[in-house]
>>> print(open('work.cif').read())   # mmCIF, C-alpha atoms
data_final
loop_
_atom_site.label_atom_id
_atom_site.label_comp_id
_atom_site.auth_asym_id
_atom_site.auth_seq_id
_atom_site.Cartn_x
_atom_site.Cartn_y
_atom_site.Cartn_z
CA LYS A 1398 11.43 -72.14 -14.57
CA LEU A 1399 14.87 -70.67 -14.93
CA ASN A 1400 15.85 -71.94 -11.52
CA ARG A 1401 14.76 -75.45 -12.43
CA ALA A 1402 16.54 -75.30 -15.78
CA VAL A 1403 19.94 -74.27 -14.39
CA SER A 1404 19.85 -75.90 -10.97
CA GLY A 1405 22.92 -78.11 -10.48
CA LYS A 1406 24.23 -77.35 -14.00
CA GLN A 1407 27.17 -75.41 -15.35
CA VAL A 1408 26.06 -72.11 -16.89
CA LEU A 1409 28.24 -70.33 -19.47
CA ALA A 1410 28.18 -66.52 -19.50
CA LEU A 1411 28.81 -64.93 -22.87
CA PRO A 1412 29.86 -61.25 -23.04
CA TRP A 1413 26.95 -58.90 -22.37
CA GLY A 1414 24.95 -58.15 -25.51
CA ASP A 1415 26.69 -61.01 -27.34
CA VAL A 1416 29.19 -58.51 -28.76
CA ASP A 1417 31.24 -59.42 -31.81
CA VAL A 1418 34.40 -60.39 -29.95
CA ALA A 1419 36.56 -60.63 -33.08
CA ALA A 1420 35.54 -57.13 -34.19
CA ALA A 1421 35.88 -55.63 -30.72
CA ALA A 1422 39.34 -57.13 -30.24
CA LYS A 1423 40.61 -55.31 -33.31
CA ARG A 1424 38.62 -52.07 -33.14
CA ASP A 1425 37.90 -51.25 -29.49
CA VAL A 1426 38.96 -53.73 -26.83
CA SER A 1427 37.15 -51.69 -24.15
CA VAL A 1428 33.87 -52.90 -25.65
CA TYR A 1429 34.78 -56.51 -24.87
CA ALA A 1430 36.07 -55.55 -21.41
CA ASP A 1431 32.79 -53.83 -20.56
CA ALA A 1432 30.69 -56.66 -21.95
CA ARG A 1433 32.72 -59.22 -20.05
CA ALA A 1434 32.36 -57.30 -16.78
CA LEU A 1435 28.62 -56.79 -17.28
CA SER A 1436 27.93 -60.48 -17.83
CA GLY A 1437 29.26 -61.10 -14.32
CA THR A 1438 29.96 -64.42 -12.69
CA VAL A 1439 26.69 -65.04 -10.83
CA LEU A 1440 23.24 -65.50 -12.31
CA ARG A 1441 20.98 -63.40 -10.10
CA VAL A 1442 18.10 -65.86 -10.33
CA GLY A 1443 18.99 -68.66 -7.95
CA GLN A 1444 22.58 -67.39 -7.63
CA ALA A 1445 23.78 -70.13 -9.97
CA PRO A 1446 27.54 -69.94 -10.60
CA MET A 1447 28.52 -69.09 -14.15
CA THR A 1448 31.63 -69.70 -16.23
CA PRO A 1449 32.81 -66.85 -18.48
CA ALA A 1450 32.84 -67.98 -22.11
CA VAL A 1451 33.20 -66.72 -25.67
CA SER A 1452 31.68 -68.26 -28.76
CA ALA A 1453 30.36 -67.03 -32.11
CA PRO A 1454 27.13 -68.14 -33.82
CA SER A 1455 29.15 -68.92 -36.94
CA GLY A 1456 31.55 -71.08 -34.94
CA PHE A 1457 34.64 -69.02 -35.89
CA LEU A 1458 36.91 -66.89 -33.71
CA ASP A 1459 40.21 -65.37 -34.79
CA ASP A 1460 43.53 -64.98 -32.98
CA ALA A 1461 42.64 -61.46 -31.82
CA ALA A 1462 39.41 -62.67 -30.20
CA ILE A 1463 41.25 -65.46 -28.39
CA ALA A 1464 43.99 -63.08 -27.24
CA VAL A 1465 41.59 -60.75 -25.38
CA THR A 1466 40.25 -63.56 -23.19
CA ASP A 1467 41.74 -64.57 -19.86
CA PRO A 1468 42.75 -68.15 -18.98
CA ALA A 1469 39.57 -68.66 -16.95
CA THR A 1470 37.34 -68.05 -19.98
CA SER A 1471 36.00 -71.05 -21.87
CA ILE A 1472 36.59 -70.65 -25.62
CA LEU A 1473 34.21 -72.62 -27.84
CA VAL A 1474 34.93 -72.90 -31.57
CA SER A 1475 33.41 -75.02 -34.33
CA ASP A 1476 35.43 -77.98 -35.58
CA ARG A 1477 35.22 -76.32 -39.02
CA ALA A 1478 37.90 -73.90 -37.79
CA VAL A 1479 40.47 -76.73 -37.97
CA GLY A 1480 41.84 -76.71 -41.50
CA ARG A 1481 43.48 -80.10 -41.77
CA GLY A 1482 42.65 -83.39 -40.18
CA GLU A 1483 40.25 -84.13 -37.40
CA ALA A 1484 39.64 -81.47 -34.80
CA PRO A 1485 40.48 -82.41 -31.20
CA SER A 1486 37.79 -81.86 -28.59
CA VAL A 1487 40.20 -79.89 -26.42
CA ALA A 1488 43.34 -78.19 -27.70
CA THR A 1489 45.93 -75.63 -26.66
CA TYR A 1490 46.25 -72.76 -29.09
CA ALA A 1491 47.83 -69.32 -28.63
CA ASP A 1492 48.39 -70.01 -24.92
CA ARG A 1493 44.69 -70.71 -24.39
CA THR A 1494 42.59 -73.82 -24.01
CA VAL A 1495 40.13 -74.09 -26.89
CA VAL A 1496 37.12 -76.44 -26.97
CA PHE A 1497 35.93 -77.58 -30.42
CA TYR A 1498 32.28 -78.50 -30.81
CA SER A 1499 30.46 -80.44 -33.51
CA SER A 1500 29.47 -78.31 -36.50
CA ALA A 1501 27.04 -81.04 -37.63
CA VAL A 1502 24.78 -80.44 -34.62
CA LEU A 1503 25.01 -76.68 -35.08
CA GLY A 1504 23.56 -77.13 -38.56
CA GLY A 1505 20.47 -78.96 -37.31
CA GLY A 1506 19.18 -82.51 -37.60
CA PRO A 1507 18.95 -84.84 -40.64
CA GLY A 1508 16.12 -84.82 -43.19
CA PRO A 1509 13.64 -85.43 -44.55
CA ASN A 1510 11.86 -84.12 -41.44
CA ASP A 1511 12.17 -80.58 -40.12
CA PRO A 1512 15.88 -80.23 -39.15
CA ASP A 1513 14.91 -77.99 -36.22
CA SER A 1514 12.45 -80.44 -34.73
CA ALA A 1515 13.27 -82.02 -31.37
CA LEU A 1516 13.37 -85.48 -32.96
CA ALA A 1517 15.76 -84.49 -35.75
CA MET A 1518 18.06 -82.63 -33.35
CA ARG A 1519 18.13 -85.55 -30.93
CA GLN A 1520 18.95 -87.98 -33.76
CA GLN A 1521 21.84 -85.77 -34.85
CA VAL A 1522 23.32 -85.72 -31.36
CA LEU A 1523 23.00 -89.49 -30.92
CA SER A 1524 24.52 -90.21 -34.34
CA GLU A 1525 27.48 -87.94 -33.71
CA ALA A 1526 28.09 -89.60 -30.34
CA ALA A 1527 27.80 -93.10 -31.88
CA LEU A 1528 30.48 -92.28 -34.46
CA ARG A 1529 32.94 -91.64 -31.67
CA MET A 1530 32.30 -94.92 -29.88
CA ASP A 1531 35.00 -96.78 -31.85
CA GLU A 1532 37.59 -94.00 -31.63
CA PRO A 1533 40.66 -94.55 -29.46
CA GLY A 1534 40.26 -92.49 -26.34
CA ARG A 1535 36.66 -91.63 -27.28
CA ARG A 1536 36.79 -87.92 -27.82
CA PRO A 1537 33.96 -86.23 -25.91
CA LEU A 1538 31.20 -84.75 -28.06
CA VAL A 1539 30.66 -81.05 -27.35
CA VAL A 1540 27.34 -79.77 -28.66
CA VAL A 1541 26.25 -76.20 -29.35
CA PHE A 1542 22.68 -75.87 -30.58
CA PRO A 1543 21.70 -73.37 -33.31
CA PRO A 1544 21.40 -69.82 -31.88
CA ALA A 1545 17.65 -69.50 -32.45
CA TRP A 1546 16.77 -73.04 -31.35
CA THR A 1547 15.56 -74.10 -27.90
CA PRO A 1548 14.36 -77.55 -26.80
CA PRO A 1549 10.57 -77.90 -26.59
CA GLY A 1550 8.71 -78.23 -23.32
CA PRO A 1551 8.36 -76.04 -20.27
CA ASP A 1552 11.59 -77.23 -18.66
CA TYR A 1553 13.34 -79.09 -21.55
CA THR A 1554 13.27 -82.39 -19.66
CA GLN A 1555 11.45 -84.24 -22.42
CA PHE A 1556 14.20 -83.48 -24.94
CA TYR A 1557 17.04 -84.50 -22.63
CA ASP A 1558 15.22 -87.63 -21.45
CA GLY A 1559 15.46 -88.84 -25.05
CA LEU A 1560 19.24 -88.59 -24.84
CA ASP A 1561 19.40 -90.76 -21.72
CA VAL A 1562 20.81 -93.95 -23.27
CA ASN A 1563 23.02 -96.53 -21.56
CA TRP A 1564 26.01 -95.99 -23.86
CA MET A 1565 26.16 -92.15 -23.57
CA HIS A 1566 26.61 -89.97 -20.51
CA LEU A 1567 25.55 -86.32 -20.41
CA ALA A 1568 28.02 -84.06 -18.63
CA SER A 1569 28.84 -80.39 -18.22
CA LEU A 1570 31.45 -78.70 -20.38
CA ALA A 1571 33.89 -78.66 -17.49
CA ASP A 1572 33.49 -82.41 -16.86
CA ALA A 1573 33.63 -83.34 -20.55
CA THR A 1574 36.84 -81.45 -21.20
CA THR A 1575 38.99 -82.70 -18.34
CA GLN A 1576 41.21 -84.66 -20.76
CA GLN A 1577 44.69 -83.43 -21.57
CA PRO A 1578 44.52 -80.77 -24.31
CA GLN A 1579 46.32 -81.48 -27.56
CA PRO A 1580 48.53 -78.78 -29.05
CA LEU A 1581 47.14 -77.32 -32.27
CA ALA A 1582 49.55 -75.94 -34.88
CA PRO A 1583 48.84 -72.34 -35.95
CA ASP A 1584 48.57 -73.31 -39.62
CA ARG A 1585 45.67 -75.63 -38.82
CA PHE A 1586 43.53 -72.94 -37.19
CA THR A 1587 41.51 -70.96 -39.73
CA TYR A 1588 39.41 -67.83 -39.78
CA PRO A 1589 37.84 -67.45 -43.23
CA GLN A 1590 38.00 -64.19 -45.17
CA TRP A 1591 34.21 -64.14 -45.42
CA GLN A 1592 34.14 -63.91 -41.65
CA VAL A 1593 36.53 -60.93 -41.73
CA ASN A 1594 34.28 -59.23 -44.30
CA HIS A 1595 31.20 -59.94 -42.19
CA GLU A 1596 32.46 -58.46 -38.90
CA VAL A 1597 30.84 -55.41 -37.34
CA ASP A 1598 32.59 -52.56 -39.16
CA ASP A 1599 34.62 -49.53 -38.13
CA ALA A 1600 31.70 -47.13 -38.61
CA ALA A 1601 29.63 -48.95 -35.98
CA PHE A 1602 32.42 -48.65 -33.43
CA THR A 1603 32.92 -44.99 -34.33
CA SER A 1604 29.23 -44.30 -33.69
CA PHE A 1605 29.49 -46.15 -30.39
CA ALA A 1606 32.54 -44.07 -29.43
CA ASP A 1607 30.65 -40.86 -30.25
CA LEU A 1608 27.79 -42.03 -28.05
CA THR A 1609 30.24 -42.74 -25.24
CA GLU A 1610 31.73 -39.24 -25.42
CA GLU A 1611 28.33 -37.57 -25.30
CA ALA A 1612 27.31 -39.80 -22.39
CA LYS A 1613 30.49 -38.82 -20.51
CA HIS A 1614 29.65 -35.14 -20.93
CA LEU A 1615 26.16 -35.69 -19.55
CA GLN A 1616 27.47 -37.76 -16.64
CA ARG A 1617 30.06 -35.12 -15.73
CA VAL A 1618 27.59 -32.24 -15.53
CA ILE A 1619 25.16 -34.06 -13.23
CA SER A 1620 26.12 -33.11 -9.69
CA VAL A 1621 25.05 -36.30 -7.93
CA GLU A 1622 27.14 -39.46 -8.24
CA ASN A 1623 25.96 -41.60 -11.14
CA ASP A 1624 27.01 -44.33 -13.60
CA LEU A 1625 25.15 -42.93 -16.58
CA THR A 1626 27.90 -43.65 -19.14
CA ALA A 1627 28.16 -47.31 -18.17
CA ARG A 1628 24.40 -47.72 -18.30
CA ILE A 1629 24.10 -46.09 -21.72
CA ARG A 1630 26.97 -48.18 -23.09
CA ALA A 1631 25.44 -51.36 -21.67
CA GLY A 1632 22.12 -50.60 -23.32
CA SER A 1633 23.80 -50.04 -26.69
CA LEU A 1634 26.20 -52.99 -26.79
CA GLY A 1635 23.66 -54.88 -28.87
CA SER A 1636 24.53 -52.58 -31.78
CA LEU A 1637 27.97 -54.25 -31.81
CA SER A 1638 26.72 -57.81 -31.46
CA TYR A 1639 26.91 -60.79 -33.78
CA ALA A 1640 23.27 -60.13 -34.64
CA ALA A 1641 24.29 -56.63 -35.79
CA ARG A 1642 26.37 -58.25 -38.52
CA ASN A 1643 23.11 -58.99 -40.33
CA SER A 1644 21.44 -55.63 -39.61
CA ALA A 1645 24.23 -53.06 -39.80
CA VAL A 1646 22.04 -50.12 -40.84
CA ARG A 1647 19.36 -50.75 -38.23
CA SER A 1648 21.99 -51.13 -35.49
CA ARG A 1649 23.73 -47.93 -36.54
CA VAL A 1650 20.45 -46.02 -36.54
CA ALA A 1651 19.77 -47.27 -33.01
CA THR A 1652 23.15 -45.98 -31.81
CA VAL A 1653 22.73 -42.62 -33.54
CA SER A 1654 19.23 -42.26 -32.07
CA THR A 1655 20.57 -42.87 -28.57
CA THR A 1656 23.29 -40.29 -29.19
CA GLY A 1657 20.59 -37.84 -30.26
CA TRP A 1658 18.68 -38.45 -27.03
CA VAL A 1659 21.81 -37.73 -24.96
CA ARG A 1660 22.38 -34.60 -27.04
CA GLN A 1661 18.84 -33.42 -26.24
CA GLN A 1662 19.54 -33.78 -22.53
CA LEU A 1663 22.68 -31.68 -22.87
CA ASP A 1664 20.79 -29.06 -24.89
CA ALA A 1665 18.38 -28.71 -21.95
CA ILE A 1666 21.21 -26.79 -20.23
CA SER A 1667 21.09 -23.44 -22.02
CA VAL A 1668 22.43 -19.88 -21.78
CA SER A 1669 20.87 -16.59 -22.84
CA GLY A 1670 21.91 -12.94 -22.69
CA PRO A 1671 20.94 -9.42 -23.81
CA GLN A 1672 20.72 -8.58 -27.51
CA ARG A 1673 23.52 -6.07 -27.12
CA VAL A 1674 25.71 -4.53 -24.40
CA ILE A 1675 27.01 -0.94 -24.28
CA LEU A 1676 29.67 -0.32 -21.66
CA SER A 1677 29.82 3.09 -19.94
CA SER A 1678 33.61 3.00 -20.32
CA ASN A 1679 36.22 0.53 -21.51
CA SER A 1680 34.98 -1.92 -18.84
CA GLY A 1681 31.75 -2.85 -17.16
CA PRO A 1682 29.34 -5.61 -16.12
CA PHE A 1683 26.68 -7.46 -18.08
CA LYS A 1684 24.33 -10.34 -17.23
CA VAL A 1685 23.74 -13.80 -18.71
CA THR A 1686 21.14 -16.39 -17.67
CA ILE A 1687 21.84 -20.14 -17.39
CA THR A 1688 18.90 -22.57 -17.35
CA ASN A 1689 18.92 -26.21 -16.26
CA GLY A 1690 16.04 -28.05 -17.91
CA LEU A 1691 17.05 -31.45 -16.52
CA ASP A 1692 15.40 -33.26 -13.63
CA GLU A 1693 18.81 -33.55 -11.95
CA PRO A 1694 21.08 -30.91 -10.39
CA VAL A 1695 24.05 -29.92 -12.55
CA SER A 1696 27.40 -28.19 -12.18
CA VAL A 1697 28.72 -26.27 -15.17
CA ARG A 1698 31.06 -23.50 -16.21
CA ILE A 1699 30.77 -20.83 -18.87
CA LYS A 1700 33.49 -19.90 -21.32
CA ALA A 1701 33.71 -16.53 -23.07
CA THR A 1702 35.49 -15.88 -26.37
CA SER A 1703 35.59 -12.58 -28.26
CA SER A 1704 36.58 -11.14 -31.61
CA PRO A 1705 38.43 -8.79 -31.30
CA PRO A 1706 39.80 -10.12 -27.99
CA MET A 1707 38.18 -8.88 -24.79
CA ASP A 1708 38.84 -9.87 -21.17
CA ILE A 1709 35.70 -11.33 -19.59
CA THR A 1710 35.69 -12.57 -16.02
CA VAL A 1711 33.49 -15.66 -15.48
CA PRO A 1712 32.78 -17.78 -12.36
CA ASP A 1713 34.76 -21.00 -11.89
CA ARG A 1714 31.65 -23.07 -11.16
CA ILE A 1715 27.91 -22.65 -11.42
CA ASP A 1716 25.63 -25.04 -9.51
CA LEU A 1717 21.99 -25.30 -10.54
CA ALA A 1718 19.23 -27.29 -8.91
CA ALA A 1719 16.96 -29.45 -11.02
CA SER A 1720 14.71 -27.41 -13.36
CA SER A 1721 16.12 -24.06 -12.23
CA THR A 1722 17.56 -20.81 -13.61
CA THR A 1723 20.32 -18.51 -12.38
CA THR A 1724 21.64 -15.12 -13.51
CA GLN A 1725 25.38 -14.47 -13.51
CA LEU A 1726 27.05 -11.05 -13.58
CA LEU A 1727 30.12 -11.02 -15.84
CA GLU A 1728 32.78 -8.32 -16.06
CA ALA A 1729 34.11 -7.23 -19.46
CA SER A 1730 37.12 -5.01 -20.13
CA THR A 1731 39.21 -4.07 -23.15
CA ASP A 1732 41.75 -1.55 -24.40
CA LYS A 1733 40.42 -1.74 -27.93
CA LEU A 1734 37.53 0.58 -28.73
CA GLY A 1735 34.57 -0.48 -30.83
CA VAL A 1736 32.28 -3.50 -31.13
CA HIS A 1737 33.38 -6.92 -29.82
CA ASN A 1738 31.47 -10.04 -30.89
CA VAL A 1739 31.37 -12.21 -27.76
CA THR A 1740 30.32 -15.87 -27.58
CA ILE A 1741 29.29 -17.35 -24.23
CA THR A 1742 29.44 -21.17 -24.17
CA VAL A 1743 28.29 -23.61 -21.48
CA THR A 1744 30.89 -26.29 -20.62
CA ASP A 1745 31.36 -29.02 -18.07
CA LEU A 1746 33.78 -28.44 -15.20
CA ASP A 1747 36.66 -29.71 -17.36
CA GLY A 1748 35.95 -27.11 -20.01
CA ASN A 1749 34.36 -29.42 -22.60
CA PRO A 1750 31.58 -27.59 -24.49
CA LEU A 1751 28.07 -28.96 -23.95
CA GLY A 1752 26.64 -27.31 -27.05
CA ALA A 1753 24.62 -24.38 -25.69
CA SER A 1754 25.95 -20.89 -26.52
CA VAL A 1755 24.82 -17.31 -27.09
CA GLU A 1756 26.41 -14.56 -29.19
CA LEU A 1757 26.13 -10.87 -28.32
CA PRO A 1758 27.87 -7.65 -29.42
CA ILE A 1759 29.55 -5.50 -26.77
CA ARG A 1760 30.37 -1.89 -27.68
CA ALA A 1761 33.12 -0.36 -25.57
CA ALA A 1762 34.53 3.14 -24.81
CA GLN A 1763 34.20 4.80 -28.22
CA VAL A 1764 30.44 5.18 -28.04
CA SER A 1765 30.57 6.41 -24.41
CA GLN A 1766 33.11 9.13 -25.33
CA VAL A 1767 30.81 10.45 -28.03
CA ILE A 1768 27.93 10.57 -25.54
CA TRP A 1769 30.02 12.53 -23.01
CA LEU A 1770 31.17 14.89 -25.77
CA ILE A 1771 27.58 15.61 -26.82
CA MET A 1772 26.48 16.09 -23.21
CA GLY A 1773 29.46 18.38 -22.52
CA GLY A 1774 28.73 20.45 -25.61
CA ALA A 1775 25.09 20.81 -24.63
CA VAL A 1776 26.04 22.04 -21.14
CA GLY A 1777 28.54 24.47 -22.63
CA LEU A 1778 25.92 25.92 -24.97
CA LEU A 1779 23.52 26.30 -22.04
CA PHE A 1780 26.04 28.27 -20.00
CA LEU A 1781 26.93 30.42 -23.01
CA ALA A 1782 23.26 31.27 -23.55
CA ILE A 1783 22.89 32.29 -19.89
CA VAL A 1784 25.96 34.55 -20.05
CA LEU A 1785 24.78 36.26 -23.25
CA ARG A 1786 21.35 36.92 -21.74
CA LEU A 1787 22.87 38.50 -18.63
CA VAL A 1788 25.22 40.68 -20.70
CA ARG A 1789 22.37 41.98 -22.84
CA ARG A 1790 20.24 42.77 -19.80
CA ILE A 1791 23.07 44.65 -18.10
CA ARG A 1792 23.74 46.73 -21.25
CA GLY A 1793 20.04 47.61 -21.58
CA THR A 1794 19.66 49.29 -18.10
CA GLY A 1795 21.42 52.25 -16.16
CA PRO A 1796 21.17 56.05 -14.92
CA SER A 1797 20.45 57.45 -18.34
CA GLY A 1798 17.97 54.83 -19.18
CA ASP A 1799 14.38 55.43 -20.17
CA ASP A 1800 13.23 54.69 -16.63
CA SER A 1801 14.63 57.94 -14.99
CA GLU A 1802 11.95 60.18 -13.36
CA ASP A 1803 13.97 63.47 -13.87
CA ALA A 1804 14.25 63.18 -17.54
CA GLU A 1805 12.92 66.24 -19.48
CA PRO A 1806 10.18 65.73 -22.04
CA PRO A 1807 11.21 66.17 -25.66
CA PRO A 1808 10.77 69.71 -27.22
CA SER A 1809 7.43 70.47 -28.84
CA ASP A 1810 7.15 71.36 -32.52
CA ASP A 1811 3.93 73.40 -31.89
CA PRO A 1812 4.46 76.98 -33.45
CA GLY A 1813 2.09 78.48 -30.93
CA GLY A 1814 4.32 77.85 -27.97
CA GLU A 1815 6.44 80.40 -26.12
#
>>> encode(input="work.cif", output="structure tokens")
Amino acid sequence: KLNRAVSGKQVLALPWGDVDVAAAAKRDVSVYADARALSGTVLRVGQAPMTPAVSAPSGFLDDAAIAVTDPATSILVSDRAVGRGEAPSVATYADRTVVFYSSAVLGGGPGPNDPDSALAMRQQVLSEAALRMDEPGRRPLVVVFPPAWTPPGPDYTQFYDGLDVNWMHLASLADATTQQPQPLAPDRFTYPQWQVNHEVDDAAFTSFADLTEEAKHLQRVISVENDLTARIRAGSLGSLSYAARNSAVRSRVATVSTTGWVRQQLDAISVSGPQRVILSSNSGPFKVTITNGLDEPVSVRIKATSSPPMDITVPDRIDLAASSTTTQLLEASTDKLGVHNVTITVTDLDGNPLGASVELPIRAAQVSQVIWLIMGGAVGLLFLAIVLRLVRRIRGTGPSGDDSEDAEPPPSDDPGGE
């Protein structure tokens, strides 16, 4: 059906996601550049050629929006944007060619019937064309239908057959605007204040920028080549669209939710370590464990900070396969005795923190000296006890000791003895 609908016809390609061009031009021109590149120049179905174009549902574009376009882009603006006099069909303004379309058709057909019915819309087009029949030069009628309206029928032929009259010729935008453009004075081109107030606001672009930064972090840690940031941005451009003007909160929530999902992926790369570390001297090793919970291989670094300062040697790069864990041996050293509160943080290869970290206390030197002092004192006491025991034994034995066989018995106190 799409092939039949566009076959042999000029197709206009709006920026991807129908981004608010006026807002993007003033707040983040990269959004328009990305949307323009994503819309491409070829419709994949049937390979129909497309013409890059910009247009707003309201019919208004400002000078900033026009300035970001290139000369090959078709710029369509409502004739209501011309402040004085009759709007030309084709004009030169701000070094660009601008096409003005009929605002009457954009508003729907005449009553009393349904203004969005095929009959009412067809009558509006024919009446607008008839009014130009008596004009000198017969300005071409450029028609843009209401954003939510599509012609009835499976292939729209019934609607366009009703416009096939002998005094009007249907043509593409390129064919209808071949006439010489008329210069348009700057003071005749208007962009109402209510349009300025209605643009996608700064907060929406800030949320989108935050999402982009988180997506860049995730893309950088994945080892295999990928275009994750571009894909995430493309999927979220709708939050900066003209439709988002009417649903600012919902669009912001969608962006923040996507940022949260990216954050969850980054949090799947974690680090853990022992509850405490006691060094045997003023330097020594300790282990930390890095876990990759993603389904893709990653390359990360770890960064160590300490209070008070402590020198900790870390590897320059850690490569982890998908859904894997590795243990890294780190070396800590310091000249300052006591407890050091150390924080180990996971970063990408450029040193940007990913979010995961672990804190652990490392006690250095002072505790180990006390241990050696206690052990040395215990050994000293042991040797002292051995020496004292030997001395006492030596003093308690000898020639005149109780063990001599020649020793005389003690005298008897018996009075009957001789």
>>> resolve_selection(input="work.cif", expression="the PyMOL selection byres ((chain A and resi 1413) around 7)", output="PyMOL selection string")
chain A and resi 1411-1412+1414-1416+1432-1433+1435-1436
>>> residues_around(input="work.cif", residues="Pro1543 (chain A)", least_positions_apart="5", cutoff="10 Å", atoms="all atoms listed in the file", output="list in words")
Pro1454, Ser1455, Ser1500, Val1502, Leu1503, Gly1504, Gly1505, Asp1513 and Met1518 of chain A
>>> residues_near_point(input="work.cif", point="(17.0, -27.8, -8.4)", cutoff="10 Å", atoms="all atoms listed in the file", output="ChimeraX atom specification")
/A:1689-1695,1716-1722
>>> closest_residue(input="work.cif", among="A:Asn1643, A:Leu1785, A:Ser1730, A:Thr1724", to="Gly1681 (chain A)", atoms="all atoms listed in the file")
A:Ser1730
>>> residues_near_point(input="work.cif", point="(20.9, -50.7, -26.3)", cutoff="12 Å", atoms="all atoms listed in the file", output="ChimeraX atom specification")
/A:1413-1416,1605,1608,1627-1638,1641,1648-1656
>>> residues_around(input="work.cif", residues="Thr1744 (chain A)", least_positions_apart="5", cutoff="8 Å", atoms="all atoms listed in the file", output="list in words")
Val1697, Arg1698, Ile1699, Lys1700, Asn1749, Pro1750, Leu1751 and Gly1752 of chain A
